[in-house]
file query19.cif (mmCIF, C-alpha atoms and all ligand atoms)
data_protein
loop_
_atom_site.label_atom_id
_atom_site.label_comp_id
_atom_site.auth_asym_id
_atom_site.auth_seq_id
_atom_site.Cartn_x
_atom_site.Cartn_y
_atom_site.Cartn_z
CA MET A 1 102.01 113.06 127.57
CA SER A 2 104.49 110.82 129.43
CA THR A 3 103.21 107.38 130.45
CA PRO A 4 105.42 105.89 133.18
CA HIS A 5 104.73 102.22 132.41
CA LYS A 6 105.55 102.82 128.75
CA THR A 7 108.78 104.72 129.30
CA ALA A 8 111.81 102.80 128.06
CA ALA A 9 114.00 101.28 130.78
CA THR A 10 117.49 102.21 129.63
CA ALA A 11 121.03 101.56 130.85
CA VAL A 12 121.73 105.29 130.71
CA PRO A 13 119.21 108.14 130.47
CA LEU A 14 117.82 108.93 127.02
CA HIS A 15 116.22 112.11 125.84
CA PRO A 16 112.62 111.98 127.15
CA LEU A 17 111.27 112.28 123.60
CA LEU A 18 112.96 109.00 122.71
CA ALA A 19 112.41 107.19 125.99
CA GLY A 20 108.76 108.26 126.18
CA ARG A 21 107.79 107.52 122.56
CA TRP A 22 105.55 104.53 122.05
CA SER A 23 102.88 103.34 119.62
CA PRO A 24 99.42 103.83 121.10
CA ARG A 25 96.17 102.49 119.65
CA GLY A 26 93.89 104.62 121.81
CA LEU A 27 93.57 107.85 119.82
CA ASP A 28 91.28 110.84 120.32
CA PRO A 29 88.61 110.67 117.57
CA GLN A 30 87.89 114.41 117.97
CA HIS A 31 91.44 115.63 117.61
CA GLU A 32 92.35 117.44 114.41
CA LEU A 33 95.87 118.04 113.17
CA THR A 34 96.81 121.67 112.70
CA GLN A 35 98.51 122.73 109.48
CA HIS A 36 101.51 123.67 111.60
CA GLN A 37 101.75 120.15 113.07
CA LEU A 38 101.41 118.51 109.68
CA THR A 39 104.05 120.77 108.18
CA ALA A 40 106.40 120.10 111.12
CA LEU A 41 106.07 116.33 110.63
CA LEU A 42 106.77 116.54 106.90
CA GLU A 43 109.68 118.93 107.47
CA ALA A 44 111.21 116.46 109.93
CA ALA A 45 110.99 113.77 107.26
CA ARG A 46 112.27 116.10 104.54
CA TRP A 47 115.48 116.86 106.44
CA ALA A 48 116.38 113.26 107.19
CA PRO A 49 119.65 112.02 105.70
CA SER A 50 119.55 109.74 102.65
CA ALA A 51 122.00 107.97 100.37
CA SER A 52 123.53 110.58 98.04
CA ASN A 53 120.75 112.89 99.24
CA THR A 54 118.31 111.08 96.92
CA GLN A 55 115.35 111.68 99.30
CA PRO A 56 113.30 108.76 97.94
CA TRP A 57 110.49 109.06 100.52
CA ARG A 58 107.01 110.18 99.53
CA PHE A 59 103.99 110.70 101.80
CA ALA A 60 100.26 110.64 101.03
CA VAL A 61 98.30 112.40 103.79
CA ALA A 62 94.62 111.59 104.46
CA LEU A 63 92.85 113.61 107.15
CA ARG A 64 90.02 112.02 109.13
CA GLY A 65 86.63 112.88 107.68
CA THR A 66 87.80 112.70 104.06
CA GLU A 67 87.15 110.04 101.41
CA GLU A 68 90.90 109.44 101.26
CA HIS A 69 91.03 108.62 104.98
CA ALA A 70 88.14 106.19 104.55
CA ALA A 71 89.88 104.56 101.57
CA VAL A 72 93.19 104.09 103.39
CA LEU A 73 91.37 102.81 106.48
CA ASP A 74 89.48 100.32 104.34
CA ALA A 75 92.75 98.92 102.97
CA LEU A 76 94.09 98.14 106.47
CA VAL A 77 93.76 94.67 107.94
CA GLY A 78 90.83 94.30 110.35
CA PHE A 79 93.14 94.28 113.39
CA ASN A 80 94.28 97.78 112.46
CA ARG A 81 90.90 99.08 111.27
CA ALA A 82 89.60 98.34 114.78
CA TRP A 83 91.52 101.27 116.23
CA ALA A 84 93.10 103.33 113.41
CA HIS A 85 89.75 104.87 112.40
CA ALA A 86 90.31 107.44 115.17
CA ALA A 87 93.61 108.65 113.72
CA SER A 88 93.60 112.35 112.93
CA ALA A 89 95.59 111.45 109.82
CA LEU A 90 96.47 108.25 108.04
CA VAL A 91 99.67 108.77 106.13
CA VAL A 92 101.02 106.34 103.56
CA ALA A 93 104.82 106.35 103.55
CA ALA A 94 106.14 105.17 100.20
CA ALA A 95 109.49 105.00 98.47
CA GLU A 96 110.68 105.70 94.95
CA THR A 97 112.79 102.57 94.72
CA HIS A 98 114.00 103.30 91.18
CA THR A 99 115.23 106.38 89.35
CA PRO A 100 113.14 107.68 86.43
CA GLU A 101 115.70 105.88 84.20
CA GLY A 102 114.96 102.56 85.94
CA ALA A 103 118.12 102.21 88.04
CA GLU A 104 117.59 100.71 91.47
CA ARG A 105 117.86 103.04 94.46
CA ARG A 106 119.48 100.56 96.77
CA TRP A 107 118.86 102.43 100.01
CA ALA A 108 115.40 103.82 99.23
CA VAL A 109 113.59 101.65 101.76
CA TYR A 110 116.23 102.25 104.42
CA ASP A 111 116.10 106.01 103.80
CA THR A 112 112.31 106.11 103.96
CA GLY A 113 112.34 104.28 107.30
CA GLN A 114 114.78 106.84 108.60
CA ALA A 115 112.57 109.71 107.42
CA VAL A 116 109.63 108.11 109.25
CA ALA A 117 111.76 107.83 112.38
CA HIS A 118 112.51 111.55 112.26
CA LEU A 119 108.83 112.30 111.65
CA SER A 120 107.89 110.13 114.64
CA VAL A 121 110.19 111.98 117.02
CA GLN A 122 108.96 115.36 115.78
CA ALA A 123 105.42 114.09 116.44
CA GLU A 124 106.35 113.67 120.11
CA VAL A 125 107.54 117.30 120.14
CA GLU A 126 104.14 118.30 118.74
CA GLY A 127 102.28 116.34 121.45
CA LEU A 128 101.24 113.74 118.88
CA ALA A 129 101.72 110.00 118.57
CA VAL A 130 102.61 107.96 115.50
CA HIS A 131 101.70 104.30 115.20
CA GLN A 132 103.21 102.62 112.16
CA MET A 133 101.31 99.81 110.46
CA GLY A 134 102.55 97.17 108.07
CA GLY A 135 99.19 95.43 108.22
CA PHE A 136 97.50 96.60 105.03
CA ASP A 137 96.59 95.31 101.59
CA SER A 138 99.57 96.48 99.49
CA GLU A 139 97.72 96.30 96.18
CA ARG A 140 94.81 98.37 97.45
CA ILE A 141 97.08 101.00 98.96
CA ALA A 142 99.23 101.08 95.80
CA ALA A 143 96.07 101.61 93.73
CA LEU A 144 95.47 104.84 95.68
CA LEU A 145 98.94 106.18 94.86
CA PRO A 146 100.58 107.53 91.72
CA GLU A 147 102.68 105.10 89.65
CA GLY A 148 106.31 104.50 90.53
CA VAL A 149 106.19 104.41 94.32
CA THR A 150 106.12 101.44 96.65
CA PRO A 151 103.99 101.77 99.79
CA LEU A 152 105.94 100.65 102.84
CA VAL A 153 103.93 101.56 105.90
CA VAL A 154 100.80 103.44 106.94
CA LEU A 155 101.16 105.88 109.83
CA ALA A 156 98.28 106.46 112.21
CA ILE A 157 98.90 109.93 113.59
CA GLY A 158 96.87 111.54 116.32
CA ARG A 159 96.60 112.54 119.94
CA ARG A 160 96.81 109.74 122.44
CA ASP A 161 93.63 109.14 124.42
CA ASP A 162 94.16 107.04 127.53
CA THR A 163 90.38 106.84 128.05
CA ALA A 164 89.68 105.36 124.60
CA GLU A 165 87.84 102.06 124.78
CA LEU A 166 89.61 99.35 122.83
CA PRO A 167 88.45 95.79 122.18
CA GLU A 168 90.62 92.91 123.39
CA PRO A 169 93.37 92.01 122.74
CA LEU A 170 94.11 95.67 121.97
CA ALA A 171 93.18 96.95 125.43
CA GLY A 172 95.55 94.49 127.09
CA ARG A 173 98.39 95.47 124.80
CA GLU A 174 97.76 99.15 125.48
CA ALA A 175 98.15 98.53 129.21
CA ALA A 176 101.23 96.30 128.91
CA ALA A 177 104.75 97.52 129.57
CA ARG A 178 107.01 97.82 126.53
CA ASP A 179 109.94 95.52 126.18
CA ARG A 180 113.04 95.04 124.08
CA LEU A 181 115.86 92.58 123.58
CA PRO A 182 118.71 93.18 126.00
CA LEU A 183 121.36 95.64 124.83
CA GLU A 184 123.90 92.84 124.43
CA ALA A 185 121.65 91.03 121.95
CA LEU A 186 121.96 93.77 119.32
CA GLN A 187 125.74 93.89 119.41
CA LEU A 188 127.68 91.82 116.90
CA PRO A 189 131.22 90.66 117.10
CA LEU A 190 133.50 91.77 114.25
CA GLY A 191 135.50 88.94 112.76
CA VAL A 192 138.87 90.42 111.82
CA PRO A 193 140.71 88.12 109.38
CA ALA A 194 144.02 86.85 110.70
CA SER A 195 146.92 88.71 109.03
CA VAL A 196 149.23 86.62 106.87
C1 LIG B 201 107.19 98.52 109.98
C2 LIG B 201 106.25 98.43 111.15
C3 LIG B 201 105.04 97.77 111.00
C4 LIG B 201 104.13 97.72 112.06
N1 LIG B 201 102.89 97.16 111.86
C5 LIG B 201 101.96 97.25 112.82
C6 LIG B 201 100.61 96.89 112.55
O1 LIG B 201 100.24 96.50 111.43
N2 LIG B 201 99.71 97.01 113.56
C7 LIG B 201 100.05 97.47 114.80
O2 LIG B 201 99.18 97.56 115.65
N3 LIG B 201 101.32 97.85 115.08
C8 LIG B 201 102.28 97.76 114.12
N4 LIG B 201 103.56 98.20 114.37
C9 LIG B 201 103.92 98.73 115.69
C10 LIG B 201 104.90 97.80 116.42
O3 LIG B 201 104.21 96.64 116.84
C11 LIG B 201 105.52 98.56 117.60
O4 LIG B 201 106.30 99.63 117.11
C12 LIG B 201 106.41 97.64 118.43
O5 LIG B 201 105.63 96.65 119.06
C13 LIG B 201 107.17 98.41 119.49
O6 LIG B 201 106.28 99.13 120.29
P1 LIG B 201 106.52 100.69 120.58
O7 LIG B 201 106.54 101.40 119.25
O8 LIG B 201 105.36 101.09 121.44
O9 LIG B 201 107.84 100.81 121.26
C14 LIG B 201 104.47 98.27 113.32
C15 LIG B 201 105.71 98.91 113.47
C16 LIG B 201 106.58 99.02 112.41
C17 LIG B 201 107.89 99.77 112.58
#
call {"tool": "encode", "arguments": {"input": "query19.cif", "output": "structure tokens"}}
result
Amino acid sequence: MSTPHKTAATAVPLHPLLAGRWSPRGLDPQHELTQHQLTALLEAARWAPSASNTQPWRFAVALRGTEEHAAVLDALVGFNRAWAHAASALVVAAAETHTPEGAERRWAVYDTGQAVAHLSVQAEVEGLAVHQMGGFDSERIAALLPEGVTPLVVLAIGRRDDTAELPEPLAGREAAARDRLPLEALQLPLGVPASV
């Protein structure tokens, strides 16, 4: 599954599952998730750390070929619909941002992102790719979900297909190398107050 031009260029070697992970749009429209794969992804999310072990993440899974998949796809922006239709599963990741008593769960969104990160790495182990999407109609996705959860991102999960034909500008982006800010740019100085 490794794609040399997509592999992260790093100052020191990373685990290949991290260095080789990327977000493809070319997905195999025939591929079907096995129950084992789906369970492995959800287990990876389930065992992520969270503030006070509150586990605020929730996932709604729609397999390709179902009405639910069509409904989630329909709520994506056109840019995403153009390729995400081939996803073996579209998964809505949502957070319970408040307790049943109404208190705010301050880290719910942070925790849910972390659960998705764990799920994404497990997907690489399973020979799958995850492409997260923020481009969707929030109200339409929320209308598909039970009350009390906030949809954060839709995951297109499937098997990468390097031969998939994508319209421009998607094809160009698929072929482009990945890039990041330099390592120095994400490091902050710590301002220690002068002692009196
Ligand atoms: C919260 C979030 C929202 C995103 N939304 C979209 C989206 O709507 N459509 C899309 O094609 N990619 C989307 N992406 C994918 C990012 O563009 C991609 O992760 C980023 O460019 C880095 O590329 P890489 O994952 O291949 O390293 C999203 C990623 C995240 C984490």
call {"tool": "residues_near_ligand", "arguments": {"input": "query19.cif", "ligand": "ligand LIG 201 (chain B)", "cutoff": "7 Å", "atoms": "all atoms listed in the file", "output": "VMD selection string"}}
result
chain A and resid 21 to 24 80 131 to 136 153 178
call {"tool": "residues_around", "arguments": {"input": "query19.cif", "residues": "A:Ala40", "least_positions_apart": "6", "cutoff": "12 Å", "atoms": "all atoms listed in the file", "output": "list in words"}}
result
Leu33, Thr34, Arg46, Trp47, His118, Leu119, Ser120, Val121, Gln122, Ala123, Glu124, Val125, Glu126, Gly127 and Leu128 of chain A
call {"tool": "atom_distance", "arguments": {"input": "query19.cif", "atom1": "atom CA of A:Arg25", "atom2": "atom CA of A:Glu174"}}
result
6.9 Å
call {"tool": "closest_residue", "arguments": {"input": "query19.cif", "among": "A:Arg140, A:Leu155, A:Asn53, A:Glu104", "to": "A:Val92", "atoms": "all atoms listed in the file"}}
result
A:Leu155
call {"tool": "residues_around", "arguments": {"input": "query19.cif", "residues": "A:Ala171", "least_positions_apart": "4", "cutoff": "12 Å", "atoms": "only C-alpha atoms", "output": "PyMOL selection string"}}
result
chain A and resi 24-26+82-83+162-167+175-176
call {"tool": "write_last_selection", "arguments": {"input": "query19.cif", "atoms": "C-alpha atoms", "output": "PDB file, keeping the file's coordinate frame"}}
result
ATOM      1  CA  PRO A  24      99.420 103.830 121.100  1.00  0.00           C
ATOM      2  CA  ARG A  25      96.170 102.490 119.650  1.00  0.00           C
ATOM      3  CA  GLY A  26      93.890 104.620 121.810  1.00  0.00           C
ATOM      4  CA  ALA A  82      89.600  98.340 114.780  1.00  0.00           C
ATOM      5  CA  TRP A  83      91.520 101.270 116.230  1.00  0.00           C
ATOM      6  CA  ASP A 162      94.160 107.040 127.530  1.00  0.00           C
ATOM      7  CA  THR A 163      90.380 106.840 128.050  1.00  0.00           C
ATOM      8  CA  ALA A 164      89.680 105.360 124.600  1.00  0.00           C
ATOM      9  CA  GLU A 165      87.840 102.060 124.780  1.00  0.00           C
ATOM     10  CA  LEU A 166      89.610  99.350 122.830  1.00  0.00           C
ATOM     11  CA  PRO A 167      88.450  95.790 122.180  1.00  0.00           C
ATOM     12  CA  ALA A 175      98.150  98.530 129.210  1.00  0.00           C
ATOM     13  CA  ALA A 176     101.230  96.300 128.910  1.00  0.00           C
TER      14      ALA A 176
END
call {"tool": "closest_residue", "arguments": {"input": "query19.cif", "among": "A:Gly172, A:Pro29, A:Pro56, A:Pro182", "to": "A:Val149", "atoms": "only C-alpha atoms"}}
result
A:Pro56
call {"tool": "residues_around", "arguments": {"input": "query19.cif", "residues": "stretch 66-77 of chain A", "least_positions_apart": "6", "cutoff": "10 Å", "atoms": "all atoms listed in the file", "output": "ChimeraX atom specification"}}
result
/A:60,83-92,133-142,144,154,156
call {"tool": "atom_distance", "arguments": {"input": "query19.cif", "atom1": "atom CA of A:Gly113", "atom2": "atom CA of A:Pro151"}}
result
11.5 Å
call {"tool": "closest_residue", "arguments": {"input": "query19.cif", "among": "A:Leu41, A:Trp57, A:Gly102, A:Pro16", "to": "A:Val130", "atoms": "only C-alpha atoms"}}
result
A:Leu41
call {"tool": "atom_distance", "arguments": {"input": "query19.cif", "atom1": "atom CA of A:Leu188", "atom2": "atom CA of A:Ala11"}}
result
18.3 Å
call {"tool": "axis_aligned_box", "arguments": {"input": "query19.cif", "around": "stretch 122-134 of chain A", "padding_each_side": "4 Å", "output": "lines of an AutoDock Vina configuration file"}}
result
center_x = 105.1
center_y = 107.7
center_z = 114.8
size_x = 15.7
size_y = 29.1
size_z = 21.4
call {"tool": "residues_around", "arguments": {"input": "query19.cif", "residues": "A:Ala8", "least_positions_apart": "5", "cutoff": "9 Å", "atoms": "all atoms listed in the file", "output": "list in words"}}
result
Leu14, Leu18, Ala19, Gly20, Arg21, Trp22, Ala177, Arg178, Asp179 and Arg180 of chain A
